[in-house]
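*Asks:* Next up is a structure, given as structure tokens.
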Amino acid sequence: MRTRPLFAVGAALVVALTSCGAPGSGSTDSLVLADAYELGGYNPVAGYGAAGEAKVYDGLLRLTGGTGMPGFEPALASAMPAPDAGAMVWSVPLRPGVRFSDGSTFDAADVVATYRAILDPASASEVRSSFSMIDRVEAVDPLSARFTLRHPYAAFPAKLLIGIVPSESVATPGPATESPLNTAPIGTGPYRLTALEPTRAVFEANESYWGGAPSVKKLTVLYVPDDNTRAQRMAGGELDGTSLPSLLAATFAQRMSVQSNTSADWRGVSMPARDPVAGDPAVRLALNHAVDRRAMIDNILGGYGRPAYTPFAEVYGASHDPAVSFAFDRARAEQILDAARWRVGADGIRAKDGVRARFTVMYNSTDTLRRDLALAFASDARRVGVEVDLEALSWDRIEPRIAQAGILLGGGSEPYDPDTQAYNTLHSPPLDRTAASPYDNASRHVDPAIDVQLDIARRSVDPAVRAAAYREVQSRYAQDPSHVFLVHLDHTYVVKESSWTMSGPILEPHAHGVTWGPWWSLQSWTR
């Protein structure tokens, strides 16, 4: 679960203007899109494009579109991977005749090198823990790779979406964040990076792409972090499209197309176990009943979302337990706090054994949606006698304090299986934190009963066993919540009308922006 720009370092594909037409006119083979995330960081070893959204790379598999949970289909694999009977060994046949953007030939050695680099501690990859089920990866021959896992893992296809890099580019071990791939990516994907500046990146179609040259020939990434500035530039005709918070996007409804995609992306508040207030089980449970999720959806999301009580969205079918929820009930929240001896003081704020019911929640200072949700959370908490101090900070200032203060988090980076949606968020922190993202289980909450069920579901290949275990996780979580989950978002986009025929929707991960939305399969557009 990531919450800062790495989730979406691939989030901005923006296309520069050409001389043959104005943006959005439909008479040009270029598009101009703007996004909120910094440019660069185009290195899969560091986690870029883990959900398959990277336009300069291909994974072994790619997602199929449609409503509900998407499927997988071969990309650099020539056929779907074949697991053994226990889902411990996965054999992947590879597509022949594929070349990287530097002209080198793709083969099994590149698959091996990419995954080994992700798992190498020297890379310091923040997605290393997400691939911890891999014991080893080997080249059987130039067009066949084999993954041997540490335990059965039915969700393994979701780990084959990340982009493959040339073996030569990762031959020298070192921090992934310092690799030349971050600013000069070498992939097999439908686009190539041809220029990179702090506020602008240009991508051009890979005319020799194995899947066929894209019809959209030029893409430029404009880094526009401020929501209102993106809206102004959209209104001024500079852009063909952008991502905007839902209420701001809705203001364009009479002039342009406002589109929304369902996601398993959630927003919620971590409740750090070390804090004497946020770590108190009674406070955590009470605040889950104190927050008015429906008001947040109506007033902050403009109706584009659903209440979140756990990381499990309805899209997970039998693995989702609709009976698990926290009713909005301030009286019940107050009763829980009263029973736990949190007494209301003269100023309306509770205290217990000399400890004031007060804790801090941090949120990213550039994210207006998180700001508004944090303000609503603090207001609801105060109504039941809990004081929440809000701090707007950059991610580099938030990260060192994860274990000490709450965070307005986002999650669902790889939502294409319940395991990848929930395991790192709810499983007890590993003893070796160096193998995990600092945002994994940001509350640092420990519940062995949940751990057991998550591990049963992770290791089983029986869908019924997995679904039952996940429902048990949710039932147990409702008794002792570690977070206050608030909403599942719909991601909203504003699009200028054009003659392009776009693809349909897809379930989106936490990382959204203009590599998702209407543009998630830009390389397949026609007109």
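In the structure tokens, chains take letters A, B, ... by order of appearance, with residues numbered from 1 within each chain and ligands from 1 in the order shown.
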Quick one: pick out all strand (DSSP E) residues within region 199-409 of chain A from a backbone DSSP run and write them as a PyMOL selection string.
*Replies:* chain A and resi 200-205+218-223+241-243+257-270+305-307+343-344+350-352+355-356+358-364+387-393+406-409
*Asks:* Near region 66-80 of chain A, within 7 Å and counting only C-alpha atoms, which residues show up once chain neighbours fewer than 5 positions away are dropped, as a list in words?
*Replies:*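 Returned residues: Asp58, Gly59, Leu60, Leu61, Val92, Pro93, Leu94, Arg95, Val315, Tyr416, Gly504, Pro505, Ile506 and Leu507 of chain A.
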*Asks:* I'd like the neighbourhood of Ala374 (chain A) as JSON, numbers by chain, where a residue qualifies if any of its atoms comes within 12 Å (using only C-alpha atoms), though same-chain residues fewer than 5 positions away should be ignored.
*Replies:* {"A": [267, 268, 269, 270, 291, 296, 300, 360, 361, 362, 363, 364, 365, 367, 368, 369, 379, 380, 381, 388, 389, 390, 391, 392, 406, 407, 408, 409, 484, 485, 486]}
*Asks:* Would you kindly return, as a ChimeraX atom specification, each protein, DNA or RNA residue with an atom no farther than 8 Å from any atom of region 158-173 of chain A, considering only C-alpha atoms and excluding same-chain residues fewer than 3 positions away?
*Replies:* /A:44,47-52,54,57-63,100,104,106,109-114,117,120,122-123,131,155,181,186-188,414,416-417,420
*Asks:* Going by DSSP on the backbone, which bits of region 230-469 of chain A are alpha helix (DSSP H)? Write them as a PyMOL selection string, please.
*Replies:* chain A and resi 230-235+246-250+281-290+293-299+330-339+368-383+395-398+418-426+448-459+463-469
*Asks:* Which residues are near region 347-356 of chain A? Cut-off 9 Å, only C-alpha atoms, ignore same chain within fewer than 4 positions. Put them as a PyMOL selection string.
*Replies:* chain A and resi 276-277+337+340-343+382-387
*Asks:* Could you write out that same residue set with C-alpha atoms as a compact mmCIF listing (two decimals), in the first residue's frame?
*Replies:*
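Wrote it out as result_4.txt, contents follow:
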```txt
# COMPACT_ATOMS: atom_id res chain seq x y z
CA PRO A 276 -2.01 6.24 23.81
CA VAL A 277 -5.17 7.62 22.20
CA LEU A 337 -15.84 5.81 24.97
CA ALA A 340 -13.69 2.70 28.37
CA ARG A 341 -13.50 5.54 30.97
CA TRP A 342 -12.78 8.33 28.48
CA ARG A 343 -14.58 11.13 30.36
CA ARG A 382 -14.57 16.22 17.87
CA ARG A 383 -18.35 15.71 18.05
CA VAL A 384 -17.73 12.65 20.24
CA GLY A 385 -15.01 14.28 22.33
CA VAL A 386 -11.81 13.33 20.46
CA GLU A 387 -9.52 16.11 19.29
```
*Asks:* So how many Å separate CA of Ile456 (chain A) and CA of Ala278 (chain A), to one decimal?
*Replies:*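 The value is 29.2 Å.
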